[in-house]
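Chemist: Sharing start_31.txt (compact mmCIF, C-alpha atoms) below.
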# COMPACT_ATOMS: atom_id res chain seq x y z
CA MET X 1055 -36.76 -31.03 120.11
CA SER X 1056 -34.19 -29.14 122.14
CA ASN X 1057 -31.28 -27.35 120.54
CA LYS X 1058 -27.78 -28.38 121.52
CA ILE X 1059 -24.42 -26.93 120.51
CA VAL X 1060 -22.19 -29.82 119.54
CA ASN X 1061 -19.21 -28.01 118.01
CA ILE X 1062 -17.60 -24.55 117.83
CA VAL X 1063 -15.45 -23.80 114.77
CA CYS X 1064 -12.98 -20.99 115.50
CA GLN X 1065 -11.11 -18.92 112.96
CA THR X 1066 -7.99 -20.24 111.29
CA SER X 1067 -5.69 -18.57 108.80
CA SER X 1068 -5.86 -21.54 106.40
CA GLU X 1069 -9.64 -21.81 105.91
CA ASN X 1070 -12.44 -19.52 104.79
CA HIS X 1071 -15.11 -18.41 107.23
CA PRO X 1072 -18.49 -16.71 106.81
CA VAL X 1073 -18.22 -12.94 106.20
CA ILE X 1074 -20.61 -10.34 107.63
CA LEU X 1075 -21.16 -7.24 105.47
CA GLU X 1076 -21.43 -4.48 108.05
CA ASN X 1077 -22.99 -1.78 105.83
CA TYR X 1078 -24.60 -3.99 103.19
CA GLU X 1079 -28.08 -2.46 103.51
CA THR X 1080 -26.66 1.04 103.00
CA TYR X 1081 -25.54 0.24 99.45
CA LEU X 1082 -28.36 -2.15 98.54
CA GLU X 1083 -30.74 -0.40 96.12
CA PRO X 1084 -34.49 -1.10 96.41
CA ARG X 1085 -35.93 -3.92 94.27
CA GLN X 1086 -32.50 -5.11 93.22
CA HIS X 1087 -32.88 -8.83 92.52
CA ASP X 1088 -29.60 -9.76 90.90
CA MET X 1089 -26.91 -9.39 93.60
CA LYS X 1090 -23.85 -11.64 93.49
CA CYS X 1091 -20.95 -12.05 95.92
CA LEU X 1092 -17.52 -13.32 94.94
CA LEU X 1093 -14.72 -14.22 97.36
CA ALA X 1094 -11.28 -13.46 95.90
CA TYR X 1095 -7.62 -13.51 96.92
CA ASP X 1096 -5.38 -10.44 96.67
CA PRO X 1097 -1.71 -11.19 97.53
CA THR X 1098 -0.92 -7.48 98.05
CA ILE X 1099 -3.23 -7.16 101.07
CA SER X 1100 -2.04 -9.91 103.39
CA LYS X 1101 0.27 -12.90 103.18
CA VAL X 1102 -2.14 -15.78 103.69
CA ASP X 1103 -2.85 -19.03 101.92
CA ASP X 1104 -4.01 -18.48 98.32
CA LYS X 1105 -7.05 -20.66 99.08
CA VAL X 1106 -8.25 -18.17 101.68
CA GLY X 1107 -10.17 -15.18 100.40
CA ASN X 1108 -9.19 -11.74 101.68
CA MET X 1109 -11.26 -9.64 99.22
CA LEU X 1110 -15.04 -9.63 98.71
CA LEU X 1111 -16.70 -8.36 95.48
CA VAL X 1112 -20.43 -7.61 95.47
CA SER X 1113 -22.01 -6.87 92.07
CA GLY X 1114 -25.48 -5.44 91.54
CA GLU X 1115 -27.49 -4.56 88.48
CA LYS X 1116 -25.74 -1.19 88.13
CA LYS X 1117 -22.89 -0.95 90.64
CA LEU X 1118 -19.94 -2.90 91.99
CA TYR X 1119 -18.61 -2.82 95.56
CA ILE X 1120 -15.45 -4.21 97.17
CA GLY X 1121 -14.48 -4.97 100.73
CA GLN X 1122 -11.20 -6.06 102.34
CA ILE X 1123 -11.38 -8.97 104.76
CA HIS X 1124 -8.90 -8.98 107.62
CA VAL X 1125 -7.52 -12.52 108.01
CA PRO X 1126 -5.58 -12.70 111.30
CA THR X 1127 -2.51 -14.87 111.63
CA ASP X 1128 -2.35 -17.92 113.90
CA ASP X 1129 -0.43 -15.94 116.55
CA ALA X 1130 -3.06 -13.25 116.65
CA LEU X 1131 -5.84 -15.81 116.95
CA GLU X 1132 -4.27 -17.39 120.01
CA SER X 1133 -4.46 -14.14 121.96
CA ALA X 1134 -7.69 -12.56 123.14
CA PRO X 1135 -9.35 -10.02 120.81
CA ALA X 1136 -8.91 -6.34 121.59
CA ASP X 1137 -12.61 -5.76 122.22
CA LEU X 1138 -13.05 -9.11 124.02
CA LEU X 1139 -15.87 -9.94 121.60
CA ARG X 1140 -16.08 -12.61 118.93
CA THR X 1141 -19.04 -13.14 116.59
CA TYR X 1142 -20.45 -16.53 115.63
CA VAL X 1143 -23.24 -17.78 113.37
CA ALA X 1144 -25.16 -20.95 114.17
CA ARG X 1145 -25.92 -23.72 111.72
CA ARG X 1146 -28.74 -25.93 112.92
CA ASN X 1147 -29.76 -29.41 111.77
CA LYS X 1148 -33.57 -29.42 111.60
CA GLU X 1149 -33.81 -33.20 112.03
CA THR X 1150 -31.53 -33.64 115.04
CA GLY X 1151 -31.75 -30.16 116.54
CA LYS X 1152 -27.98 -29.99 116.90
CA MET X 1153 -26.17 -26.72 116.19
CA ARG X 1154 -22.63 -25.89 115.12
CA LEU X 1155 -21.16 -22.42 115.70
CA TYR X 1156 -18.83 -20.82 113.15
CA GLU X 1157 -16.75 -17.78 113.96
CA VAL X 1158 -17.21 -15.08 111.32
CA ARG X 1159 -15.15 -12.32 109.78
CA ALA X 1160 -16.38 -8.86 108.90
CA THR X 1161 -15.80 -6.40 106.08
CA THR X 1162 -16.96 -2.91 105.11
CA LEU X 1163 -18.11 -2.37 101.55
CA LYS X 1164 -17.18 0.62 99.46
CA HIS X 1165 -17.87 1.57 95.86
CA ILE X 1166 -15.20 0.52 93.40
CA SER X 1167 -14.89 4.10 92.13
CA LEU X 1168 -13.13 5.01 95.40
CA ASP X 1169 -10.13 2.90 94.32
CA ARG X 1170 -9.71 4.57 90.92
CA PRO X 1171 -6.47 6.55 90.68
CA ALA X 1172 -6.94 10.31 90.32
CA GLY X 1173 -5.60 12.20 87.31
CA ASP X 1174 -5.17 9.24 84.99
CA GLY X 1175 -6.66 11.19 82.08
CA GLN X 1176 -9.45 8.65 81.44
CA THR X 1177 -12.58 10.37 82.66
CA THR X 1178 -14.74 10.40 79.53
CA ALA X 1179 -18.29 9.02 79.72
CA GLU X 1180 -17.59 6.62 76.86
CA LEU X 1181 -14.65 5.05 78.68
CA ASP X 1182 -16.66 4.73 81.91
CA LEU X 1183 -19.44 3.00 79.97
CA ARG X 1184 -16.99 0.51 78.47
CA GLN X 1185 -15.52 -0.23 81.90
CA LEU X 1186 -18.98 -0.72 83.36
CA LEU X 1187 -19.99 -3.09 80.55
CA ARG X 1188 -16.74 -5.03 80.92
CA LEU X 1189 -17.27 -5.45 84.66
CA GLN X 1190 -20.92 -6.39 84.21
CA SER X 1191 -20.04 -8.98 81.57
CA LYS X 1192 -17.47 -10.48 83.99
CA PHE X 1193 -19.44 -10.48 87.23
CA ASN X 1194 -22.99 -10.40 85.88
CA ALA X 1195 -23.06 -12.42 82.68
CA ARG X 1196 -26.80 -12.13 82.02
CA LEU X 1197 -26.91 -8.34 82.23
CA GLY X 1198 -23.67 -8.00 80.27
CA ARG X 1199 -25.00 -10.09 77.39
CA ARG X 1200 -28.24 -8.11 77.36
CA ASN X 1201 -26.41 -4.77 77.18
CA LEU X 1202 -24.14 -5.97 74.38
CA LEU X 1203 -27.16 -7.24 72.45
CA LEU X 1204 -28.90 -3.87 72.79
CA MET X 1205 -25.77 -2.04 71.61
CA ASN X 1206 -25.53 -4.28 68.53
CA LYS X 1207 -29.21 -3.68 67.68
CA ARG X 1208 -28.92 0.10 67.97
CA MET X 1209 -29.55 1.87 64.67
CA ASP X 1210 -26.63 3.52 62.95
CA MET X 1211 -27.53 7.21 62.59
CA SER X 1212 -24.36 8.12 60.72
CA VAL X 1213 -26.31 8.59 57.48
CA MET X 1214 -27.25 12.26 57.60
CA GLU X 1215 -29.69 14.27 55.54
CA GLU X 1216 -27.04 15.73 53.22
CA LYS X 1217 -25.76 12.28 52.33
CA LEU X 1218 -29.25 11.07 51.48
CA GLU X 1219 -29.93 14.12 49.32
CA ARG X 1220 -26.65 13.63 47.48
CA THR X 1221 -27.46 9.96 46.85
CA ILE X 1222 -30.91 10.86 45.52
CA ALA X 1223 -29.39 13.47 43.19
CA GLU X 1224 -26.85 10.98 41.85
CA THR X 1225 -29.39 8.22 41.27
CA VAL X 1226 -30.31 7.69 37.64
CA PRO X 1227 -34.09 7.08 37.24
CA LYS X 1228 -35.29 4.11 35.26
CA GLU X 1229 -36.69 4.45 31.78
CA PRO X 1230 -40.50 4.20 31.59
CA SER X 1231 -40.31 1.42 29.02
CA ALA X 1232 -37.99 -0.63 31.21
CA THR X 1233 -40.28 -0.16 34.22
CA ALA X 1234 -43.36 -1.19 32.24
CA ALA X 1235 -41.59 -4.22 30.84
CA SER X 1236 -40.43 -5.35 34.27
CA SER X 1237 -43.93 -5.01 35.78
CA GLU X 1238 -45.28 -7.49 33.22
CA GLY X 1239 -42.85 -10.23 34.19
CA THR X 1240 -43.90 -13.39 35.99
CA VAL X 1241 -43.46 -13.98 39.70
CA THR X 1242 -41.48 -17.17 39.32
CA ASP X 1243 -37.79 -17.30 38.47
CA LEU X 1244 -37.35 -13.57 39.12
CA SER X 1245 -34.69 -14.01 41.75
CA SER X 1246 -32.34 -15.51 39.19
CA GLN X 1247 -32.46 -12.43 36.95
CA SER X 1248 -29.85 -9.74 37.44
CA GLY X 1249 -30.94 -6.66 39.38
CA ASN X 1250 -33.97 -8.36 41.05
CA SER X 1251 -33.75 -8.33 44.83
CA ILE X 1252 -35.98 -10.20 47.26
CA GLY X 1253 -38.09 -7.07 47.77
CA ASP X 1254 -38.69 -6.73 44.00
CA VAL X 1255 -39.83 -10.36 43.71
CA LEU X 1256 -42.24 -10.04 46.64
CA GLN X 1257 -43.44 -6.67 45.36
CA ARG X 1258 -44.48 -8.25 42.06
CA GLU X 1259 -46.23 -11.03 43.99
CA LEU X 1260 -48.28 -8.56 46.06
CA LEU X 1261 -49.00 -6.23 43.15
CA ALA X 1262 -50.50 -9.20 41.31
CA LYS X 1263 -52.94 -9.66 44.23
CA SER X 1264 -53.86 -5.96 44.52
CA LYS X 1265 -56.87 -4.30 42.91
CA PRO X 1266 -55.82 -2.15 39.94
CA ASP X 1267 -58.99 -0.02 40.17
CA ALA X 1268 -58.61 0.81 43.89
CA LYS X 1269 -59.50 4.40 44.75
CA SER X 1270 -58.21 4.41 48.34
CA LEU X 1271 -55.96 2.43 50.65
CA ARG X 1272 -58.84 0.39 52.09
CA ASP X 1273 -59.72 -0.97 48.63
CA LEU X 1274 -56.16 -1.90 47.66
CA TYR X 1275 -56.12 -5.49 49.00
CA ASP X 1276 -58.60 -8.19 49.88
CA ALA X 1277 -57.62 -10.09 53.01
CA LYS X 1278 -59.27 -13.28 51.77
CA GLN X 1279 -57.10 -13.26 48.64
CA LEU X 1280 -53.90 -12.49 50.58
CA ILE X 1281 -54.44 -15.31 53.07
CA GLY X 1282 -55.91 -17.78 50.59
CA LEU X 1283 -59.49 -19.02 50.31
CA GLU X 1284 -58.78 -22.47 51.77
CA VAL X 1285 -56.92 -21.11 54.80
CA TRP X 1286 -59.55 -18.38 55.21
CA GLN X 1287 -62.28 -21.00 55.55
CA LYS X 1288 -60.24 -23.10 57.99
CA LEU X 1289 -59.69 -20.06 60.24
CA LEU X 1290 -63.43 -19.64 60.85
CA GLU X 1291 -63.66 -22.14 63.72
CA PRO X 1292 -60.44 -20.93 65.48
CA ALA X 1293 -61.80 -17.37 65.23
CA ARG X 1294 -65.03 -18.41 66.94
CA GLN X 1295 -63.08 -20.18 69.68
CA LEU X 1296 -60.88 -17.13 70.21
CA LEU X 1297 -63.95 -14.94 70.72
CA GLN X 1298 -64.98 -17.21 73.60
CA VAL X 1299 -61.75 -16.46 75.52
CA SER X 1300 -62.02 -13.83 78.24
CA ALA X 1301 -60.46 -10.47 77.46
CA GLU X 1302 -58.25 -10.67 80.58
CA ASP X 1303 -56.63 -13.95 79.46
CA LEU X 1304 -56.01 -12.86 75.85
CA GLN X 1305 -52.32 -12.49 74.96
CA MET X 1306 -51.29 -11.87 71.36
CA ALA X 1307 -47.99 -10.98 69.73
CA ASN X 1308 -48.50 -7.20 70.11
CA ALA X 1309 -50.95 -4.74 71.63
CA TYR X 1310 -52.26 -3.62 68.24
CA LEU X 1311 -53.71 -7.03 67.36
CA GLU X 1312 -54.82 -7.62 70.94
CA ASN X 1313 -56.88 -4.41 70.98
CA LYS X 1314 -58.50 -5.34 67.66
CA VAL X 1315 -59.64 -8.73 68.99
CA LYS X 1316 -60.82 -7.24 72.31
CA ALA X 1317 -62.86 -4.66 70.42
CA ALA X 1318 -64.56 -7.50 68.53
CA MET X 1319 -65.21 -9.36 71.81
CA GLN X 1320 -66.82 -6.32 73.43
CA SER X 1321 -69.03 -5.40 70.47
CA SER X 1322 -72.80 -5.92 70.54
CA GLU X 1323 -72.57 -8.89 68.13
CA PRO X 1324 -69.13 -10.52 68.50
CA ALA X 1325 -69.89 -13.38 66.11
CA ASP X 1326 -71.04 -11.33 63.11
CA GLN X 1327 -69.26 -11.55 59.76
CA ALA X 1328 -67.23 -8.33 60.20
CA ASN X 1329 -65.85 -9.33 63.61
CA LEU X 1330 -65.08 -12.87 62.45
CA ALA X 1331 -63.17 -11.46 59.48
CA THR X 1332 -61.17 -9.16 61.77
CA VAL X 1333 -60.29 -12.01 64.14
CA ARG X 1334 -59.20 -14.26 61.24
CA ILE X 1335 -56.91 -11.52 59.94
CA CYS X 1336 -55.49 -10.98 63.44
CA LEU X 1337 -54.75 -14.71 63.81
CA TYR X 1338 -52.77 -14.64 60.56
CA MET X 1339 -50.98 -11.39 61.41
CA ASP X 1340 -50.11 -12.76 64.87
CA VAL X 1341 -47.96 -15.45 63.21
CA LEU X 1342 -46.31 -12.86 60.96
CA VAL X 1343 -45.30 -10.80 64.00
CA ARG X 1344 -43.75 -13.89 65.59
CA LEU X 1345 -41.76 -14.51 62.40
CA LEU X 1346 -40.37 -10.98 62.74
CA GLY X 1347 -39.42 -11.53 66.40
CA PRO X 1348 -36.06 -12.62 67.86
CA LYS X 1349 -37.30 -16.17 68.62
CA ALA X 1350 -38.48 -16.93 65.08
CA TYR X 1351 -35.40 -18.94 64.08
CA GLN X 1352 -35.56 -21.06 67.23
CA MET X 1353 -39.31 -21.61 66.78
CA ALA X 1354 -38.84 -22.84 63.21
CA PHE X 1355 -35.76 -24.94 64.07
CA LYS X 1356 -37.58 -26.83 66.85
CA GLN X 1357 -40.57 -27.31 64.54
CA GLU X 1358 -42.92 -25.82 67.13
CA HIS X 1359 -46.42 -24.60 66.37
CA LEU X 1360 -46.20 -21.20 64.70
CA SER X 1361 -49.47 -20.03 66.24
CA VAL X 1362 -50.41 -20.37 69.90
CA PHE X 1363 -54.12 -20.34 69.03
CA THR X 1364 -54.48 -22.86 66.18
CA ASN X 1365 -52.57 -25.48 64.17
CA VAL X 1366 -54.31 -24.55 60.92
CA LEU X 1367 -51.60 -22.04 59.97
CA ASP X 1368 -48.57 -24.30 60.52
CA GLU X 1369 -48.31 -25.86 57.07
CA PRO X 1370 -49.42 -22.85 54.98
CA ILE X 1371 -47.03 -20.47 56.75
CA ARG X 1372 -44.09 -22.90 56.58
CA HIS X 1373 -44.46 -23.48 52.84
CA SER X 1374 -45.23 -19.85 52.00
CA PHE X 1375 -42.87 -17.85 54.27
CA LEU X 1376 -40.08 -20.18 55.42
CA GLN X 1377 -37.33 -21.31 53.09
CA SER X 1378 -36.24 -24.91 52.64
CA VAL X 1379 -32.54 -25.20 53.52
CA ARG X 1380 -30.78 -28.42 52.56
CA ARG X 1381 -28.34 -29.92 55.05
CA GLU X 1382 -26.00 -32.87 54.72
CA THR X 1383 -28.51 -35.35 56.13
CA SER X 1384 -31.86 -33.53 56.05
CA THR X 1385 -33.85 -30.59 54.72
CA ARG X 1386 -35.38 -28.04 57.08
CA PHE X 1387 -37.61 -25.01 56.86
CA GLN X 1388 -35.72 -22.02 58.28
CA VAL X 1389 -36.33 -18.34 58.91
CA THR X 1390 -34.22 -16.25 56.53
CA LYS X 1391 -34.05 -12.69 55.25
CA TYR X 1392 -36.70 -13.64 52.71
CA THR X 1393 -38.99 -14.65 55.60
CA HIS X 1394 -38.59 -11.31 57.39
CA ILE X 1395 -39.20 -9.21 54.27
CA LYS X 1396 -42.24 -11.22 53.15
CA ALA X 1397 -43.76 -11.26 56.65
CA LEU X 1398 -43.38 -7.48 56.92
CA MET X 1399 -44.90 -6.80 53.50
CA TYR X 1400 -47.87 -9.12 54.07
CA TYR X 1401 -48.38 -7.63 57.53
CA LEU X 1402 -48.67 -4.14 56.01
CA ALA X 1403 -51.00 -5.31 53.25
CA LEU X 1404 -53.28 -7.09 55.76
CA ALA X 1405 -53.25 -4.03 58.03
CA PHE X 1406 -54.44 -1.87 55.13
CA ALA X 1407 -57.25 -4.34 54.41
CA MET X 1408 -58.29 -4.74 58.07
CA GLU X 1409 -58.34 -1.03 58.96
CA GLY X 1410 -60.57 -0.13 56.05
CA GLN X 1411 -59.53 3.53 56.05
CA GLU X 1412 -58.28 5.89 53.38
CA ALA X 1413 -55.15 6.68 55.43
CA LEU X 1414 -53.28 4.83 58.16
CA VAL X 1415 -50.98 6.43 60.76
CA VAL X 1416 -47.42 5.12 60.40
CA GLU X 1417 -46.70 5.40 64.13
CA THR X 1418 -49.50 2.91 64.84
CA LEU X 1419 -47.78 0.27 62.71
CA HIS X 1420 -44.31 1.21 63.96
CA ARG X 1421 -45.28 0.63 67.60
CA SER X 1422 -46.72 -2.78 66.77
CA LEU X 1423 -43.55 -4.01 65.01
CA GLY X 1424 -39.96 -4.25 66.17
CA VAL X 1425 -38.49 -3.11 62.85
CA PRO X 1426 -36.69 0.15 61.99
CA ARG X 1427 -38.87 2.98 60.76
CA SER X 1428 -36.89 3.24 57.52
CA GLN X 1429 -37.76 -0.37 56.61
CA LEU X 1430 -41.41 0.24 57.41
CA LEU X 1431 -41.55 3.20 55.03
CA MET X 1432 -39.62 1.43 52.27
CA TYR X 1433 -41.74 -1.74 52.26
CA GLY X 1434 -44.92 0.24 52.83
CA ARG X 1435 -44.31 1.93 49.50
CA ALA X 1436 -43.44 -1.43 47.96
CA VAL X 1437 -46.92 -2.79 48.73
CA GLY X 1438 -48.60 0.20 47.08
CA ALA X 1439 -48.80 2.91 49.77
CA ARG X 1440 -47.44 6.45 49.69
CA TYR X 1441 -45.91 8.10 52.74
CA ASN X 1442 -47.10 11.59 53.64
CA ALA X 1443 -44.38 13.12 55.84
CA LYS X 1444 -46.53 16.09 56.91
CA SER X 1445 -49.32 13.96 58.39
CA ASP X 1446 -47.14 10.88 59.08
CA GLN X 1447 -49.63 8.64 57.26
CA PHE X 1448 -49.81 5.98 54.59
CA THR X 1449 -52.15 6.75 51.70
CA LEU X 1450 -52.77 5.13 48.34
CA GLY X 1451 -49.74 5.33 46.07
CA THR X 1452 -48.70 4.15 42.64
CA ARG X 1453 -48.77 0.39 42.14
CA GLN X 1454 -45.56 -0.09 40.23
CA LEU X 1455 -42.03 -1.20 40.96
CA SER X 1456 -40.23 1.48 42.98
CA ASP X 1457 -36.76 2.54 41.97
CA LYS X 1458 -33.90 3.44 44.25
CA SER X 1459 -34.49 7.19 44.17
CA GLU X 1460 -38.09 6.80 45.38
CA GLN X 1461 -37.05 4.51 48.23
CA LEU X 1462 -34.38 6.97 49.32
CA ALA X 1463 -36.90 9.81 49.16
CA ASP X 1464 -39.14 7.92 51.58
CA MET X 1465 -36.19 7.29 53.90
CA LEU X 1466 -35.27 10.98 53.79
CA ALA X 1467 -38.83 12.01 54.61
CA GLY X 1468 -38.93 9.60 57.54
CA HIS X 1469 -35.57 10.87 58.77
CA ARG X 1470 -36.77 14.47 58.72
CA ARG X 1471 -39.95 13.47 60.53
CA GLY X 1472 -38.01 11.66 63.27
CA VAL X 1473 -35.60 14.58 63.78
CA LYS X 1474 -38.50 17.03 64.05
CA ARG X 1475 -40.32 14.85 66.58
CA SER X 1476 -37.19 14.43 68.72
CA ARG X 1477 -36.65 18.19 68.78
CA GLN X 1478 -40.23 18.76 69.89
CA ASN X 1479 -39.82 16.23 72.71
Please render this file's structure as C-alpha cells.
Modeler:
Amino acid sequence: MSNKIVNIVCQTSSENHPVILENYETYLEPRQHDMKCLLAYDPTISKVDDKVGNMLLVSGEKKLYIGQIHVPTDDALESAPADLLRTYVARRNKETGKMRLYEVRATTLKHISLDRPAGDGQTTAELDLRQLLRLQSKFNARLGRRNLLLMNKRMDMSVMEEKLERTIAETVPKEPSATAASSEGTVTDLSSQSGNSIGDVLQRELLAKSKPDAKSLRDLYDAKQLIGLEVWQKLLEPARQLLQVSAEDLQMANAYLENKVKAAMQSSEPADQANLATVRICLYMDVLVRLLGPKAYQMAFKQEHLSVFTNVLDEPIRHSFLQSVRRETSTRFQVTKYTHIKALMYYLALAFAMEGQEALVVETLHRSLGVPRSQLLMYGRAVGARYNAKSDQFTLGTRQLSDKSEQLADMLAGHRRGVKRSRQN
C-alpha cells in the first residue's frame, strides 16, 4: 500500500503542537524507566492562550528538568522562518496508508536547579531533600509515596545509651514472690488483669509449652508441640509435595527458610524423617513471616489462603493468630498487634527447635525478618533465650517472666552492638 500525504497541519498560536526535546538524550540517565512529561502554561513567558502550553516539565526517578517552548504569534507564522526550515512529524494510518504532517516546536531542557535564585539562605541538605520529595510526590506519585513510606518506617535513634542506662537504674525490680506467683497463673483471662501486656500473656503460653529440664537452646521447645499434633500430621503430605518441586522454582517468604528447604532437597535422602520435619516447620514458619509482612492485613481481609503451598494451615492459623473483630454487620479475622507479637515469638521458638544448636546467631534471624533488632532481642528473651552481646548469639536463658529492667538491658546490649558494628564498617 502506497503512502500518501493527505493533510499538512501548520503551527497556530491557539493550539498545541508536538514538541521535540533537542538534548533529551544528554540528560536521560541509563535504565531510567519512569520518565514523565507535563505540558504547562506560564503567563510570564509569553502572552498566548492559556490552553496552549509554553513550558515543558520532564521528571525522572531522581531529577527534574524544564524547558521553555517558543510559541510564535500569528504574524510571525505568516512570514517565512529565519532559517528557511520547518520541521514536521508524520502520522500514518496503517490501514489506509494515508499520512498527516504536523509542524513541531522545539525546546532545550535544563536542570531545575539552574533556575534557583542565588543567596536565598536555603542551601541545607535537609531543605533540598524536602524540596526533592515534594517535587517527586507532585510529578511522580509512585516514587513520592514510596519515599514517604520509607521515612515513616525509619527507626527513631533518639534514645541514646545514657538514657537507657538511666531508665535501667530507675527501674524497680519485682519481688521474687510476686514473680513466682505470676508465673503460676493460667493462660486464659490474663489480658484483663492489670499490668499484663500482650507479650506477658504470650510469654506464659510459650513457657507452658517449653521443657523445664532443658539443658541447651535446642532442647527448649518441641516443634510438634508448638504447631500441634493434628496440624503436624496434616503437614506431612504437603511437605512431601514440596520436596518434589525443583530448587529453581522454589520461592518462600525469606531466604532463610528457602535455604533450609533446598538443603533438604539436595540431601542424600530427602524424604527421611529429619528432612520431612524440617520442611513441615518451614511451611509453618513461612506463614508466620507473611503475617509479619506489610501485606498481612490485606491478605486476611480478602480471606485469601495464608500459605501458597497448602490449605491445611488456613483454619489453624486464623483461629490461633488472627483476632476476631466484630463489625456492625459481620465478624472478621484481622491482623492486629497481637498477631505480630505472637507470630514473632512462635517464629523464634520454632527456629530454636529447627536449628538444633546450643547457640543461634542473632544476625541470621534478623536478616530473615523485617522487624527492628530491639524487638527481636526483647521477644527472644521472652521465649526463654538469653542474648550474648559479645558473640551476638542467643543461648539458653531463664524461663520466667522478664521484668522491665531485663528487657531494657537487652535493648542496651543490642544498641551497643549495633554502634560497634557501624563504627567497624
Chemist: Determine the nearest neighbour of X:Thr1364 from the options X:Thr1161, X:Ser1067, X:Gln1295, X:Ser1270, counting all atoms listed in the file.
Modeler: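 Looking at the shortest contact to X:Thr1364, the residue is X:Gln1295.
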Chemist: Identify, on the basis of only C-alpha atoms, every residue whose closest approach to X:Tyr1433 does not exceed 7 Å; exclude the query and any residue fewer than 4 positions from it along the same chain; express the result as a PyMOL selection string.
Modeler: chain X and resi 1399+1429+1437
Chemist: Would you mind listing what lies within 12 Å of X:Asp1104 as a list in words, with all atoms listed in the file counted and same-chain residues fewer than 4 positions away left out?
Modeler: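 The residues that qualify are Ser1067, Ser1068, Glu1069, Asn1070, Leu1093, Ala1094, Tyr1095, Asp1096, Pro1097, Thr1098, Ile1099, Ser1100, Asn1108, Met1109 and Val1125 of chain X.
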Chemist: List the neighbours of X:Ala1293 out to 7 Å using only C-alpha atoms; skip same-chain residues closer than 6 positions along the sequence, and give me the result as a PyMOL selection string.
Modeler: chain X and resi 1330+1333-1334
Chemist: Just to confirm, what's the straight-line distance from atom CA of X:Leu1203 to atom CA of X:Val1341 in Å (one decimal)?
Modeler: 24.2 Å
Chemist: At what distance in Å, to one decimal, does atom CA of X:Leu1345 lie from atom CA of X:Thr1449?
Modeler: 26.0 Å
Chemist: To one decimal place in Å, what is the distance between atom CA of X:Pro1324 and atom CA of X:His1359?
Modeler: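 Separating atom CA of X:Pro1324 from atom CA of X:His1359 is a distance of 26.8 Å.
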Chemist: Which residues come within 6 Å of X:Lys1152, counting all atoms listed in the file, excluding same-chain residues fewer than 2 positions away, as a VMD selection string?
Modeler: chain X and resid 1057 to 1059 1146 to 1147 1150
Chemist: Compare X:Leu1110, X:Cys1336, X:Met1089, X:Leu1431 by their minimum atom-to-atom distance to X:Tyr1310, counting all atoms listed in the file, and give me the closest one.
Modeler: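 Using all atoms listed in the file, the shortest distance to X:Tyr1310 belongs to X:Cys1336.
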Chemist: Pick the closest to X:Pro1370 from X:Ile1281, X:Ala1350, X:Ala1403, X:Ala1309: which is it, counting all atoms listed in the file?
Modeler: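 Closest to X:Pro1370 of all the choices is X:Ile1281.
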Chemist: With distances taken over all atoms listed in the file, which residue among X:Ala1405, X:Gln1327, X:Thr1390, X:Arg1294 lies nearest X:Leu1280?
Modeler: X:Ala1405
Chemist: Find, counting only C-alpha atoms, the residue in X:Ala1354, X:Leu1271, X:Leu1404, X:Leu1398 that gets nearest to X:Leu1450.
Modeler: X:Leu1271
